[in-house]
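As stored in query.tsv (TSV, C-alpha atoms):
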```tsv
chain	number	residue	atom	x	y	z
W	8	MET	CA	6.59	43.10	59.01
W	9	LYS	CA	3.29	43.44	60.84
W	10	TRP	CA	1.04	42.94	57.78
W	11	GLU	CA	2.52	39.49	57.16
W	12	GLU	CA	0.79	38.16	60.25
W	13	ASN	CA	-2.51	38.10	58.33
W	14	VAL	CA	-1.26	36.64	55.06
W	15	ARG	CA	-2.76	33.29	54.06
W	16	ARG	CA	0.27	31.08	53.59
W	17	VAL	CA	0.25	27.78	51.73
W	18	VAL	CA	2.77	25.46	50.14
W	19	PRO	CA	1.84	25.75	46.45
W	20	TYR	CA	1.41	23.00	43.90
W	21	VAL	CA	4.57	22.46	41.86
W	22	ALA	CA	3.91	21.77	38.20
W	23	GLY	CA	6.23	19.85	35.91
W	24	GLU	CA	8.99	21.71	34.13
W	25	GLN	CA	7.97	23.54	30.97
W	26	PRO	CA	11.20	23.71	28.95
W	27	ASN	CA	11.02	24.91	25.38
W	28	ARG	CA	14.13	24.02	23.40
W	29	PRO	CA	14.53	22.66	19.88
W	30	GLY	CA	14.94	18.90	19.83
W	31	MET	CA	13.84	18.26	23.40
W	32	ILE	CA	11.50	15.40	24.27
W	33	LYS	CA	8.88	16.50	26.80
W	34	LEU	CA	7.27	13.58	28.61
W	35	ASN	CA	6.66	15.11	32.03
W	36	THR	CA	3.24	16.78	32.07
W	37	ASN	CA	0.91	14.24	30.40
W	38	GLU	CA	0.02	16.49	27.48
W	39	CYS	CA	-1.31	14.91	24.32
W	40	PRO	CA	1.47	14.46	21.74
W	41	TYR	CA	-0.92	15.07	18.83
W	42	PRO	CA	-2.73	18.27	17.76
W	43	PRO	CA	-6.39	18.98	18.49
W	44	ALA	CA	-9.11	17.94	16.03
W	45	PRO	CA	-8.71	19.46	12.54
W	46	GLY	CA	-11.92	21.45	12.97
W	47	VAL	CA	-10.39	23.21	15.97
W	48	ALA	CA	-7.51	24.51	13.84
W	49	ARG	CA	-9.85	25.64	11.07
W	50	LEU	CA	-12.11	27.48	13.50
W	51	ALA	CA	-9.16	29.04	15.33
W	52	ALA	CA	-7.83	30.47	12.06
W	53	GLY	CA	-11.15	32.13	11.35
W	54	LEU	CA	-12.04	33.50	14.79
W	55	ASP	CA	-13.62	36.93	14.69
W	56	CYS	CA	-11.26	39.12	16.69
W	57	ASP	CA	-13.84	41.89	16.91
W	58	ALA	CA	-15.91	39.61	19.14
W	59	LEU	CA	-13.11	39.63	21.73
W	60	ARG	CA	-14.05	43.14	22.81
W	61	LEU	CA	-17.26	41.70	24.28
W	62	TYR	CA	-17.69	39.57	27.38
W	63	PRO	CA	-18.12	35.86	26.63
W	64	ASP	CA	-21.26	33.91	27.49
W	65	SER	CA	-20.91	33.63	31.25
W	66	SER	CA	-22.71	30.28	31.28
W	67	ALA	CA	-20.66	28.90	28.34
W	68	ALA	CA	-24.01	27.62	27.06
W	69	PRO	CA	-22.85	26.32	23.64
W	70	LEU	CA	-20.11	24.23	25.22
W	71	VAL	CA	-22.37	23.04	28.03
W	72	GLU	CA	-24.99	21.98	25.50
W	73	ALA	CA	-22.42	20.18	23.35
W	74	LEU	CA	-21.11	18.26	26.36
W	75	ALA	CA	-24.62	17.44	27.56
W	76	ALA	CA	-25.51	16.01	24.16
W	77	TYR	CA	-22.29	14.02	23.94
W	78	TYR	CA	-22.64	12.46	27.39
W	79	HIS	CA	-26.44	12.08	27.20
W	80	VAL	CA	-27.27	14.25	30.20
W	81	LYS	CA	-29.21	17.48	30.70
W	82	PRO	CA	-27.39	20.81	30.29
W	83	GLU	CA	-28.35	21.50	33.90
W	84	GLN	CA	-26.07	18.61	34.89
W	85	VAL	CA	-22.93	20.12	33.32
W	86	PHE	CA	-20.54	22.70	34.80
W	87	VAL	CA	-17.49	24.00	32.90
W	88	GLY	CA	-14.38	25.72	34.17
W	89	VAL	CA	-10.91	26.88	33.26
W	90	GLY	CA	-9.34	23.43	33.23
W	91	SER	CA	-10.37	20.64	35.55
W	92	ASP	CA	-8.19	22.25	38.24
W	93	ASP	CA	-10.59	25.18	38.31
W	94	VAL	CA	-13.57	22.84	38.50
W	95	LEU	CA	-12.01	20.78	41.28
W	96	SER	CA	-10.95	23.85	43.25
W	97	MET	CA	-14.48	25.22	43.01
W	98	ALA	CA	-15.87	21.86	44.14
W	99	PHE	CA	-13.59	21.85	47.21
W	100	LEU	CA	-14.80	25.35	48.07
W	101	THR	CA	-18.45	24.45	47.51
W	102	PHE	CA	-18.87	21.00	49.02
W	103	PHE	CA	-16.17	20.36	51.63
W	104	ASN	CA	-17.36	22.56	54.47
W	105	SER	CA	-18.50	20.22	57.25
W	106	GLY	CA	-15.42	20.62	59.42
W	107	LYS	CA	-14.77	16.88	59.18
W	108	PRO	CA	-11.68	15.69	57.31
W	109	ILE	CA	-12.07	14.87	53.65
W	110	LEU	CA	-10.47	11.64	52.42
W	111	PHE	CA	-8.20	10.94	49.47
W	112	PRO	CA	-5.35	8.49	48.70
W	113	ASP	CA	-1.85	9.00	50.03
W	114	VAL	CA	-0.37	8.68	46.53
W	115	THR	CA	-2.52	10.80	44.26
W	116	TYR	CA	-2.81	14.11	42.43
W	117	SER	CA	-0.71	16.49	44.48
W	118	PHE	CA	-3.09	19.44	44.15
W	119	TYR	CA	-5.65	17.91	46.55
W	120	ASP	CA	-3.77	18.72	49.74
W	121	VAL	CA	-2.89	22.17	48.37
W	122	TRP	CA	-6.57	23.07	47.90
W	123	ALA	CA	-7.40	21.61	51.30
W	124	ASP	CA	-4.76	23.79	52.94
W	125	LEU	CA	-5.77	26.85	50.92
W	126	TYR	CA	-9.42	26.58	51.93
W	127	ARG	CA	-8.65	25.42	55.50
W	128	ILE	CA	-10.29	22.03	54.92
W	129	PRO	CA	-9.07	19.25	57.22
W	130	TYR	CA	-8.07	16.10	55.39
W	131	ARG	CA	-6.86	12.55	55.97
W	132	VAL	CA	-4.99	10.41	53.46
W	133	CYS	CA	-5.77	6.71	53.02
W	134	ALA	CA	-2.82	4.53	52.06
W	135	LEU	CA	-3.01	2.66	48.79
W	136	ASP	CA	-2.23	-1.05	49.10
W	137	GLU	CA	1.06	-2.62	47.99
W	138	ASN	CA	-0.26	-2.82	44.39
W	139	TRP	CA	-1.30	0.85	44.38
W	140	HIS	CA	-5.02	0.12	44.67
W	141	ILE	CA	-7.58	1.89	46.85
W	142	ARG	CA	-8.83	-0.05	49.85
W	143	PRO	CA	-12.57	0.74	49.95
W	144	GLU	CA	-12.80	-0.10	53.65
W	145	ASP	CA	-10.59	2.94	54.40
W	146	TYR	CA	-13.41	5.17	53.15
W	147	ARG	CA	-15.96	3.91	55.67
W	148	GLN	CA	-14.72	6.24	58.41
W	149	PRO	CA	-16.55	9.49	59.23
W	150	ASN	CA	-15.57	12.21	56.77
W	151	GLY	CA	-16.56	15.49	55.16
W	152	GLY	CA	-16.18	14.29	51.57
W	153	VAL	CA	-14.18	11.98	49.33
W	154	ILE	CA	-12.10	12.60	46.22
W	155	PHE	CA	-9.90	10.28	44.17
W	156	PRO	CA	-8.68	10.06	40.58
W	157	ASN	CA	-9.61	7.09	38.42
W	158	PRO	CA	-7.29	6.13	36.80
W	159	ASN	CA	-5.06	7.35	39.56
W	160	ALA	CA	-2.21	9.78	39.07
W	161	PRO	CA	0.71	9.28	39.17
W	162	THR	CA	0.32	5.49	39.23
W	163	GLY	CA	-2.08	5.02	36.28
W	164	VAL	CA	-3.98	2.33	38.19
W	165	LEU	CA	-7.66	1.96	37.32
W	166	GLU	CA	-10.22	0.94	39.94
W	167	GLY	CA	-13.14	-1.12	38.71
W	168	LEU	CA	-16.55	0.48	38.70
W	169	GLU	CA	-17.64	-1.84	41.50
W	170	THR	CA	-14.97	-0.33	43.78
W	171	VAL	CA	-15.99	3.19	42.81
W	172	GLU	CA	-19.62	2.42	43.51
W	173	GLU	CA	-18.80	0.83	46.85
W	174	ILE	CA	-17.10	4.04	48.00
W	175	ILE	CA	-20.01	6.18	46.81
W	176	ARG	CA	-22.55	3.90	48.44
W	177	GLN	CA	-20.68	4.01	51.76
W	178	ASN	CA	-20.68	7.82	51.73
W	179	ARG	CA	-24.20	8.89	50.78
W	180	ASP	CA	-24.18	11.80	53.24
W	181	VAL	CA	-21.20	13.59	51.61
W	182	VAL	CA	-20.16	14.52	48.09
W	183	VAL	CA	-17.87	12.00	46.36
W	184	ILE	CA	-15.75	13.41	43.52
W	185	VAL	CA	-14.29	11.04	40.95
W	186	ASP	CA	-11.52	12.82	39.03
W	187	GLU	CA	-11.44	11.24	35.57
W	188	ALA	CA	-8.70	13.25	33.86
W	189	TYR	CA	-7.34	10.05	32.27
W	190	VAL	CA	-10.45	7.93	31.84
W	191	ASP	CA	-10.41	8.12	28.03
W	192	PHE	CA	-7.25	6.00	27.83
W	193	GLY	CA	-8.85	2.75	28.90
W	194	GLY	CA	-11.04	3.42	31.91
W	195	GLU	CA	-14.74	2.99	32.54
W	196	SER	CA	-16.41	6.24	33.55
W	197	ALA	CA	-18.48	6.59	36.69
W	198	LEU	CA	-20.97	8.66	34.69
W	199	LYS	CA	-23.26	5.63	34.43
W	200	LEU	CA	-23.70	5.78	38.23
W	201	LEU	CA	-25.20	9.28	38.19
W	202	GLU	CA	-28.76	8.04	38.00
W	203	LYS	CA	-28.29	6.03	41.21
W	204	TYR	CA	-26.32	8.53	43.31
W	205	ASP	CA	-27.15	12.21	43.77
W	206	ASN	CA	-23.91	12.78	45.74
W	207	LEU	CA	-21.58	11.87	42.84
W	208	LEU	CA	-19.60	14.46	40.88
W	209	VAL	CA	-17.55	13.28	37.87
W	210	VAL	CA	-14.78	15.61	36.67
W	211	GLN	CA	-13.06	15.43	33.27
W	212	THR	CA	-10.78	17.61	31.15
W	213	PHE	CA	-9.88	18.58	27.58
W	214	SER	CA	-6.18	18.77	28.50
W	215	LYS	CA	-5.25	15.13	27.92
W	216	SER	CA	-7.33	13.13	25.44
W	217	ARG	CA	-8.68	16.16	23.55
W	218	ALA	CA	-5.22	17.75	23.16
W	219	MET	CA	-6.24	21.20	24.41
W	220	ALA	CA	-4.20	21.78	27.57
W	221	GLY	CA	-3.31	25.26	26.32
W	222	LEU	CA	-6.95	26.39	26.24
W	223	ARG	CA	-7.78	25.27	29.80
W	224	ILE	CA	-11.15	23.56	29.53
W	225	GLY	CA	-12.50	21.31	32.26
W	226	PHE	CA	-15.98	20.18	33.20
W	227	CYS	CA	-17.96	18.11	35.63
W	228	ILE	CA	-21.25	16.27	35.43
W	229	GLY	CA	-23.52	15.50	38.35
W	230	ASN	CA	-26.92	15.88	39.92
W	231	GLU	CA	-28.70	19.11	38.92
W	232	LYS	CA	-28.67	20.34	42.50
W	233	LEU	CA	-24.90	19.83	42.81
W	234	ILE	CA	-24.33	21.76	39.61
W	235	LYS	CA	-26.60	24.58	40.79
W	236	TYR	CA	-24.57	24.90	44.00
W	237	LEU	CA	-21.31	24.95	42.02
W	238	SER	CA	-22.66	27.62	39.67
W	239	ASP	CA	-23.75	29.78	42.60
W	240	VAL	CA	-20.22	29.73	43.98
W	241	LYS	CA	-18.72	30.42	40.55
W	242	PHE	CA	-20.96	33.45	40.01
W	243	SER	CA	-20.02	34.70	43.46
W	244	PHE	CA	-16.35	34.47	42.46
W	245	ASN	CA	-16.03	35.40	38.77
W	246	SER	CA	-18.85	35.32	36.25
W	247	TYR	CA	-16.67	35.27	33.12
W	248	THR	CA	-14.22	32.48	33.83
W	249	MET	CA	-14.08	30.86	30.37
W	250	ASN	CA	-12.98	32.98	27.43
W	251	LEU	CA	-14.75	33.08	24.08
W	252	PRO	CA	-12.13	31.17	22.00
W	253	ALA	CA	-12.07	28.35	24.54
W	254	GLN	CA	-15.86	28.03	24.42
W	255	ARG	CA	-16.05	27.94	20.63
W	256	LEU	CA	-13.04	25.70	20.07
W	257	GLY	CA	-14.22	23.37	22.81
W	258	VAL	CA	-17.48	22.81	20.99
W	259	GLU	CA	-15.58	21.94	17.82
W	260	ALA	CA	-13.43	19.42	19.70
W	261	VAL	CA	-16.52	17.66	21.08
W	262	ARG	CA	-18.06	17.44	17.61
W	263	ASP	CA	-15.18	15.47	16.09
W	264	ASP	CA	-15.69	12.20	17.93
W	265	GLY	CA	-13.89	10.18	15.26
W	266	TYR	CA	-10.65	12.12	15.65
W	267	PHE	CA	-10.95	11.96	19.44
W	268	LYS	CA	-11.28	8.18	19.45
W	269	ALA	CA	-8.54	7.69	16.85
W	270	THR	CA	-6.13	9.82	18.88
W	271	THR	CA	-6.76	8.00	22.14
W	272	ALA	CA	-6.46	4.64	20.37
W	273	LYS	CA	-3.08	5.69	18.95
W	274	ILE	CA	-1.81	6.67	22.41
W	275	ILE	CA	-3.09	3.42	23.93
W	276	ALA	CA	-1.32	1.37	21.24
W	277	THR	CA	1.96	3.21	21.87
W	278	ARG	CA	1.58	2.77	25.62
W	279	GLU	CA	1.11	-0.99	25.33
W	280	ARG	CA	4.10	-1.34	22.99
W	281	VAL	CA	6.33	0.68	25.30
W	282	LYS	CA	5.29	-1.43	28.29
W	283	GLU	CA	6.83	-4.49	26.66
W	284	GLU	CA	10.05	-2.67	25.80
W	285	MET	CA	10.38	-1.21	29.31
W	286	ARG	CA	10.01	-4.68	30.85
W	287	LYS	CA	12.91	-5.90	28.72
W	288	LEU	CA	15.03	-3.10	30.18
W	289	GLY	CA	14.36	-4.17	33.76
W	290	PHE	CA	11.57	-1.73	34.59
W	291	SER	CA	8.42	-2.68	36.49
W	292	PHE	CA	5.21	-0.69	36.73
W	293	PRO	CA	1.51	-0.93	37.50
W	294	ASP	CA	-0.76	-1.74	34.56
W	295	SER	CA	-1.43	1.85	33.53
W	296	LYS	CA	-4.75	2.78	31.96
W	297	ALA	CA	-3.69	6.41	31.58
W	298	ASN	CA	-1.48	8.22	29.07
W	299	PHE	CA	1.65	7.63	31.14
W	300	LEU	CA	3.67	4.88	32.82
W	301	PHE	CA	4.83	4.88	36.45
W	302	VAL	CA	8.11	2.98	36.30
W	303	THR	CA	10.74	1.65	38.70
W	304	HIS	CA	14.00	0.04	37.64
W	305	ALA	CA	15.18	-3.13	39.33
W	306	SER	CA	18.61	-1.75	40.22
W	307	ILE	CA	19.08	1.87	39.13
W	308	PRO	CA	17.64	4.61	41.39
W	309	ALA	CA	14.92	6.72	39.79
W	310	GLY	CA	16.62	9.96	40.72
W	311	GLU	CA	19.74	8.98	38.78
W	312	ILE	CA	17.73	8.01	35.71
W	313	PHE	CA	15.79	11.28	35.93
W	314	GLN	CA	18.97	13.35	35.95
W	315	ALA	CA	20.53	11.36	33.09
W	316	LEU	CA	17.42	11.81	30.97
W	317	ARG	CA	17.27	15.50	31.78
W	318	GLN	CA	20.87	16.00	30.67
W	319	ALA	CA	19.88	14.36	27.38
W	320	ASP	CA	16.96	16.81	27.01
W	321	ILE	CA	14.37	14.14	27.76
W	322	TYR	CA	12.01	15.31	30.47
W	323	VAL	CA	10.01	12.96	32.72
W	324	ARG	CA	8.46	13.54	36.16
W	325	TYR	CA	10.14	12.66	39.44
W	326	TRP	CA	9.00	13.26	43.02
W	327	ASP	CA	11.30	12.86	46.01
W	328	ARG	CA	8.44	11.83	48.28
W	329	PRO	CA	7.61	8.88	50.52
W	330	ARG	CA	6.59	5.69	48.66
W	331	ILE	CA	7.28	7.12	45.18
W	332	SER	CA	10.87	8.39	45.41
W	333	ASN	CA	12.13	5.45	43.35
W	334	SER	CA	9.64	5.84	40.52
W	335	LEU	CA	9.34	8.00	37.42
W	336	ARG	CA	6.18	9.04	35.61
W	337	ILE	CA	6.68	8.98	31.86
W	338	THR	CA	4.08	10.49	29.55
W	339	VAL	CA	3.28	8.50	26.42
W	340	GLY	CA	4.48	10.62	23.51
W	341	THR	CA	4.56	9.93	19.80
W	342	ASP	CA	6.08	6.68	18.58
W	343	GLY	CA	9.17	8.62	17.53
W	344	GLU	CA	9.55	10.25	20.95
W	345	MET	CA	9.11	6.95	22.74
W	346	ASP	CA	11.61	5.23	20.45
W	347	ALA	CA	14.17	7.94	21.29
W	348	LEU	CA	13.48	7.45	25.00
W	349	LEU	CA	13.89	3.69	24.70
W	350	ALA	CA	17.11	4.04	22.71
W	351	PHE	CA	18.59	6.28	25.40
W	352	LEU	CA	17.51	3.91	28.17
W	353	ARG	CA	18.98	0.88	26.41
W	354	ASP	CA	22.38	2.57	26.25
W	355	TYR	CA	22.08	3.87	29.79
W	356	VAL	CA	21.02	0.57	31.36
W	357	ASP	CA	23.79	-1.30	29.55
W	358	LYS	CA	26.37	0.65	31.54
W	359	PHE	CA	25.23	-0.91	34.82
```

Final C-alpha cells representation of the file:
Amino acid sequence: MKWEENVRRVVPYVAGEQPNRPGMIKLNTNECPYPPAPGVARLAAGLDCDALRLYPDSSAAPLVEALAAYYHVKPEQVFVGVGSDDVLSMAFLTFFNSGKPILFPDVTYSFYDVWADLYRIPYRVCALDENWHIRPEDYRQPNGGVIFPNPNAPTGVLEGLETVEEIIRQNRDVVVIVDEAYVDFGGESALKLLEKYDNLLVVQTFSKSRAMAGLRIGFCIGNEKLIKYLSDVKFSFNSYTMNLPAQRLGVEAVRDDGYFKATTAKIIATRERVKEEMRKLGFSFPDSKANFLFVTHASIPAGEIFQALRQADIYVRYWDRPRISNSLRITVGTDGEMDALLAFLRDYVDKF
C-alpha cells in the first residue's frame, strides 16, 4: 500500500513476560517483591476521586519539591516523567541531536538502541570487557552523547565513581546520562558529581527500590539549564504527562525513608544469600549490585534452564543475543520465592 512508504518503522523494545497465574513465581522484570511504603496504601485508599475530573499539576510541583529536598538539590534541578523510560526517551530527543553517534555499552538496557532508531540518532556500541566492565578509553572517541546504566543491566555490574567521572570528564562537550535504575541496591550515585559537571544527567526510578512500577514514576536530576531544556521539550509534547495519583503517592513514598531503606536492605540480604546457594549449584555470575543476578551454569545451557523454569511457572529473563545467550537474569524476590527457585534448581541440576 502506498501510504506505508512514509510510515516510521522501528523494531520495538520487547518487555519481559507479564503472566498472571495463581502460584507462579515472577522473577523476570526486576519488580520489587514487597509492597510500597505503608503511607502510600493509606493515601491511595483515601484519594479524592472528584479531583480526577481536573487536570493534574503539569509541573508535578509537590513531587519535584519532595525529591529536591530528599536529594538536597534545587527544585529547578529535578525533572519527573512517566517512569524513567519516559525521562530517558525525552532526554534522547532533547540532547542527542548533533548528528554524531551516541555511545553506550554493547550489553546494556535494550531500550537504548530502540530510542536511537526511533529518533533517527546514530549510535555506536562499546564492548564491555571480559568481566562485563566498561572500558573508559572507548568513550574518548568523537560522539554526540553518552549513556550507560550504573549498575548495568542485565549484568548488575557496578562501575566505581572514579570510572563514571572519567567518562564525564572526557566528554565535557556532550551530555552524559547515567541511568541509575538500580543504584539503591548497593551502588554509589553520581549525584555527588553534579556540582563539578554541568553536562551530567542522573536518571532514577520508583519502579525498583520504591516498589511502584505500576504507577510509572521516574525522574532525573541535573544542571538547571539541562532541566529547563528537558521541560521545554516535554511541554512541546504533552503538558500533563504525570497523573494526579502518581504525583501524590510518589510524595508519600519519598517521605518514608525508613521503609525505603529497610526494603532495599532486605533485598540486598536475600541477594547475597542466594549468591552463595547459586555457586553451590554450579552457577557463576558477576558481583551484582542490583536487585537481580546474571547467571551462567557451568554445563547446562541457559535456554534449557529457562524453558524448564517456565514449565514450572517460574519466570526469569533470557535473551538469545550475542555474548549473553548463555545467561539468565533472575530478579531477587522474597526469601520464599528464592527458596522455591533454589529447590527447583537443585532437583534440576542433579539430573545432569

Distance in Å - CA of Pro112 in chain W versus CA of Pro158 in chain W: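 About the pair CA of Pro112 in chain W and CA of Pro158 in chain W: they are 12.3 Å apart.
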
Here is a test: counting all atoms listed in the file, which residue of W:Gln84, W:Asn35, W:Ser66, W:Thr277 is nearest to Leu201 in chain W?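 Closest candidate: W:Gln84.
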
Would you mind listing what lies within 12 Å of Ala48 in chain W as number ranges by chain, with all atoms listed in the file counted and same-chain residues fewer than 5 positions away left out? W: 42-43, 53-54, 218-219, 252, 255-257, 259-260

Mind checking which residues fall within 12 Å of Thr162 in chain W, counting all atoms listed in the file, ignoring those fewer than 6 positions away in the same chain, and posting them as a PyMOL selection string? chain W and resi 112-116+135+137-141+156+189+291-303+324+330-331+334-338

Grab the residues selected above and save them as a PDB file, in the coordinates of the input with C-alpha atoms.
```
ATOM      1  CA  PRO W 112      -5.350   8.490  48.700  1.00  0.00           C
ATOM      2  CA  ASP W 113      -1.850   9.000  50.030  1.00  0.00           C
ATOM      3  CA  VAL W 114      -0.370   8.680  46.530  1.00  0.00           C
ATOM      4  CA  THR W 115      -2.520  10.800  44.260  1.00  0.00           C
ATOM      5  CA  TYR W 116      -2.810  14.110  42.430  1.00  0.00           C
ATOM      6  CA  LEU W 135      -3.010   2.660  48.790  1.00  0.00           C
ATOM      7  CA  GLU W 137       1.060  -2.620  47.990  1.00  0.00           C
ATOM      8  CA  ASN W 138      -0.260  -2.820  44.390  1.00  0.00           C
ATOM      9  CA  TRP W 139      -1.300   0.850  44.380  1.00  0.00           C
ATOM     10  CA  HIS W 140      -5.020   0.120  44.670  1.00  0.00           C
ATOM     11  CA  ILE W 141      -7.580   1.890  46.850  1.00  0.00           C
ATOM     12  CA  PRO W 156      -8.680  10.060  40.580  1.00  0.00           C
ATOM     13  CA  TYR W 189      -7.340  10.050  32.270  1.00  0.00           C
ATOM     14  CA  SER W 291       8.420  -2.680  36.490  1.00  0.00           C
ATOM     15  CA  PHE W 292       5.210  -0.690  36.730  1.00  0.00           C
ATOM     16  CA  PRO W 293       1.510  -0.930  37.500  1.00  0.00           C
ATOM     17  CA  ASP W 294      -0.760  -1.740  34.560  1.00  0.00           C
ATOM     18  CA  SER W 295      -1.430   1.850  33.530  1.00  0.00           C
ATOM     19  CA  LYS W 296      -4.750   2.780  31.960  1.00  0.00           C
ATOM     20  CA  ALA W 297      -3.690   6.410  31.580  1.00  0.00           C
ATOM     21  CA  ASN W 298      -1.480   8.220  29.070  1.00  0.00           C
ATOM     22  CA  PHE W 299       1.650   7.630  31.140  1.00  0.00           C
ATOM     23  CA  LEU W 300       3.670   4.880  32.820  1.00  0.00           C
ATOM     24  CA  PHE W 301       4.830   4.880  36.450  1.00  0.00           C
ATOM     25  CA  VAL W 302       8.110   2.980  36.300  1.00  0.00           C
ATOM     26  CA  THR W 303      10.740   1.650  38.700  1.00  0.00           C
ATOM     27  CA  ARG W 324       8.460  13.540  36.160  1.00  0.00           C
ATOM     28  CA  ARG W 330       6.590   5.690  48.660  1.00  0.00           C
ATOM     29  CA  ILE W 331       7.280   7.120  45.180  1.00  0.00           C
ATOM     30  CA  SER W 334       9.640   5.840  40.520  1.00  0.00           C
ATOM     31  CA  LEU W 335       9.340   8.000  37.420  1.00  0.00           C
ATOM     32  CA  ARG W 336       6.180   9.040  35.610  1.00  0.00           C
ATOM     33  CA  ILE W 337       6.680   8.980  31.860  1.00  0.00           C
ATOM     34  CA  THR W 338       4.080  10.490  29.550  1.00  0.00           C
TER      35      THR W 338
END
```

Pull the neighbourhood of (-14.8, 14.9, 48.6) for me: all residues within 9 Å in file coordinates, counting all atoms listed in the file, as a PyMOL selection string. chain W and resi 98-99+102-103+109-111+150-155+181-185

Output C-alpha atoms for every residue in the selection just made, as a short mmCIF file (atom, residue, chain, number, x, y, z; two decimals), keeping the file's coordinate frame.
```
data_model
loop_
_atom_site.label_atom_id
_atom_site.label_comp_id
_atom_site.auth_asym_id
_atom_site.auth_seq_id
_atom_site.Cartn_x
_atom_site.Cartn_y
_atom_site.Cartn_z
CA ALA W 98 -15.87 21.86 44.14
CA PHE W 99 -13.59 21.85 47.21
CA PHE W 102 -18.87 21.00 49.02
CA PHE W 103 -16.17 20.36 51.63
CA ILE W 109 -12.07 14.87 53.65
CA LEU W 110 -10.47 11.64 52.42
CA PHE W 111 -8.20 10.94 49.47
CA ASN W 150 -15.57 12.21 56.77
CA GLY W 151 -16.56 15.49 55.16
CA GLY W 152 -16.18 14.29 51.57
CA VAL W 153 -14.18 11.98 49.33
CA ILE W 154 -12.10 12.60 46.22
CA PHE W 155 -9.90 10.28 44.17
CA VAL W 181 -21.20 13.59 51.61
CA VAL W 182 -20.16 14.52 48.09
CA VAL W 183 -17.87 12.00 46.36
CA ILE W 184 -15.75 13.41 43.52
CA VAL W 185 -14.29 11.04 40.95
#
```

Which residue out of W:Val281, W:Ala315, W:Val210, W:Ala269 has the minimum interatomic distance to Met97 in chain W when all atoms listed in the file are used?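 Checking each candidate against Met97 in chain W, we get W:Val210 as the closest.
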
Within 12 Å of (-13.2, 16.5, 37.0) in the file's own coordinates, which protein, DNA or RNA residues have an atom, counting only C-alpha atoms? List them as a PDB file with C-alpha atoms, keeping the file's coordinate frame.
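And here's selection.pdb as it stands now:
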```
ATOM      1  CA  VAL W  85     -22.930  20.120  33.320  1.00  0.00           C
ATOM      2  CA  PHE W  86     -20.540  22.700  34.800  1.00  0.00           C
ATOM      3  CA  VAL W  87     -17.490  24.000  32.900  1.00  0.00           C
ATOM      4  CA  GLY W  88     -14.380  25.720  34.170  1.00  0.00           C
ATOM      5  CA  VAL W  89     -10.910  26.880  33.260  1.00  0.00           C
ATOM      6  CA  GLY W  90      -9.340  23.430  33.230  1.00  0.00           C
ATOM      7  CA  SER W  91     -10.370  20.640  35.550  1.00  0.00           C
ATOM      8  CA  ASP W  92      -8.190  22.250  38.240  1.00  0.00           C
ATOM      9  CA  ASP W  93     -10.590  25.180  38.310  1.00  0.00           C
ATOM     10  CA  VAL W  94     -13.570  22.840  38.500  1.00  0.00           C
ATOM     11  CA  LEU W  95     -12.010  20.780  41.280  1.00  0.00           C
ATOM     12  CA  SER W  96     -10.950  23.850  43.250  1.00  0.00           C
ATOM     13  CA  MET W  97     -14.480  25.220  43.010  1.00  0.00           C
ATOM     14  CA  ALA W  98     -15.870  21.860  44.140  1.00  0.00           C
ATOM     15  CA  PHE W  99     -13.590  21.850  47.210  1.00  0.00           C
ATOM     16  CA  TYR W 116      -2.810  14.110  42.430  1.00  0.00           C
ATOM     17  CA  ILE W 154     -12.100  12.600  46.220  1.00  0.00           C
ATOM     18  CA  PHE W 155      -9.900  10.280  44.170  1.00  0.00           C
ATOM     19  CA  PRO W 156      -8.680  10.060  40.580  1.00  0.00           C
ATOM     20  CA  ASN W 157      -9.610   7.090  38.420  1.00  0.00           C
ATOM     21  CA  PRO W 158      -7.290   6.130  36.800  1.00  0.00           C
ATOM     22  CA  VAL W 183     -17.870  12.000  46.360  1.00  0.00           C
ATOM     23  CA  ILE W 184     -15.750  13.410  43.520  1.00  0.00           C
ATOM     24  CA  VAL W 185     -14.290  11.040  40.950  1.00  0.00           C
ATOM     25  CA  ASP W 186     -11.520  12.820  39.030  1.00  0.00           C
ATOM     26  CA  GLU W 187     -11.440  11.240  35.570  1.00  0.00           C
ATOM     27  CA  ALA W 188      -8.700  13.250  33.860  1.00  0.00           C
ATOM     28  CA  TYR W 189      -7.340  10.050  32.270  1.00  0.00           C
ATOM     29  CA  VAL W 190     -10.450   7.930  31.840  1.00  0.00           C
ATOM     30  CA  SER W 196     -16.410   6.240  33.550  1.00  0.00           C
ATOM     31  CA  ALA W 197     -18.480   6.590  36.690  1.00  0.00           C
ATOM     32  CA  LEU W 198     -20.970   8.660  34.690  1.00  0.00           C
ATOM     33  CA  LEU W 207     -21.580  11.870  42.840  1.00  0.00           C
ATOM     34  CA  LEU W 208     -19.600  14.460  40.880  1.00  0.00           C
ATOM     35  CA  VAL W 209     -17.550  13.280  37.870  1.00  0.00           C
ATOM     36  CA  VAL W 210     -14.780  15.610  36.670  1.00  0.00           C
ATOM     37  CA  GLN W 211     -13.060  15.430  33.270  1.00  0.00           C
ATOM     38  CA  THR W 212     -10.780  17.610  31.150  1.00  0.00           C
ATOM     39  CA  PHE W 213      -9.880  18.580  27.580  1.00  0.00           C
ATOM     40  CA  SER W 214      -6.180  18.770  28.500  1.00  0.00           C
ATOM     41  CA  ILE W 224     -11.150  23.560  29.530  1.00  0.00           C
ATOM     42  CA  GLY W 225     -12.500  21.310  32.260  1.00  0.00           C
ATOM     43  CA  PHE W 226     -15.980  20.180  33.200  1.00  0.00           C
ATOM     44  CA  CYS W 227     -17.960  18.110  35.630  1.00  0.00           C
ATOM     45  CA  ILE W 228     -21.250  16.270  35.430  1.00  0.00           C
ATOM     46  CA  GLY W 229     -23.520  15.500  38.350  1.00  0.00           C
TER      47      GLY W 229
END
```

Can you pull out the residues contacting Thr271 in chain W? Cut-off 8 Å, using only C-alpha atoms, and skip same-chain residues under 3 positions away; I want them as a tab-separated table (two decimals) with C-alpha atoms, in the frame of the given file.
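Okay, this is what ended up in around25.tsv:
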```
chain	number	residue	atom	x	y	z
W	191	ASP	CA	-10.41	8.12	28.03
W	192	PHE	CA	-7.25	6.00	27.83
W	216	SER	CA	-7.33	13.13	25.44
W	267	PHE	CA	-10.95	11.96	19.44
W	268	LYS	CA	-11.28	8.18	19.45
W	274	ILE	CA	-1.81	6.67	22.41
W	275	ILE	CA	-3.09	3.42	23.93
```

With only C-alpha atoms as the atoms that count, which of W:Glu231, W:Glu279, W:Glu172, W:Asp346 lies nearest to Glu83 in chain W?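 Smallest separation from Glu83 in chain W among the options: W:Glu231.
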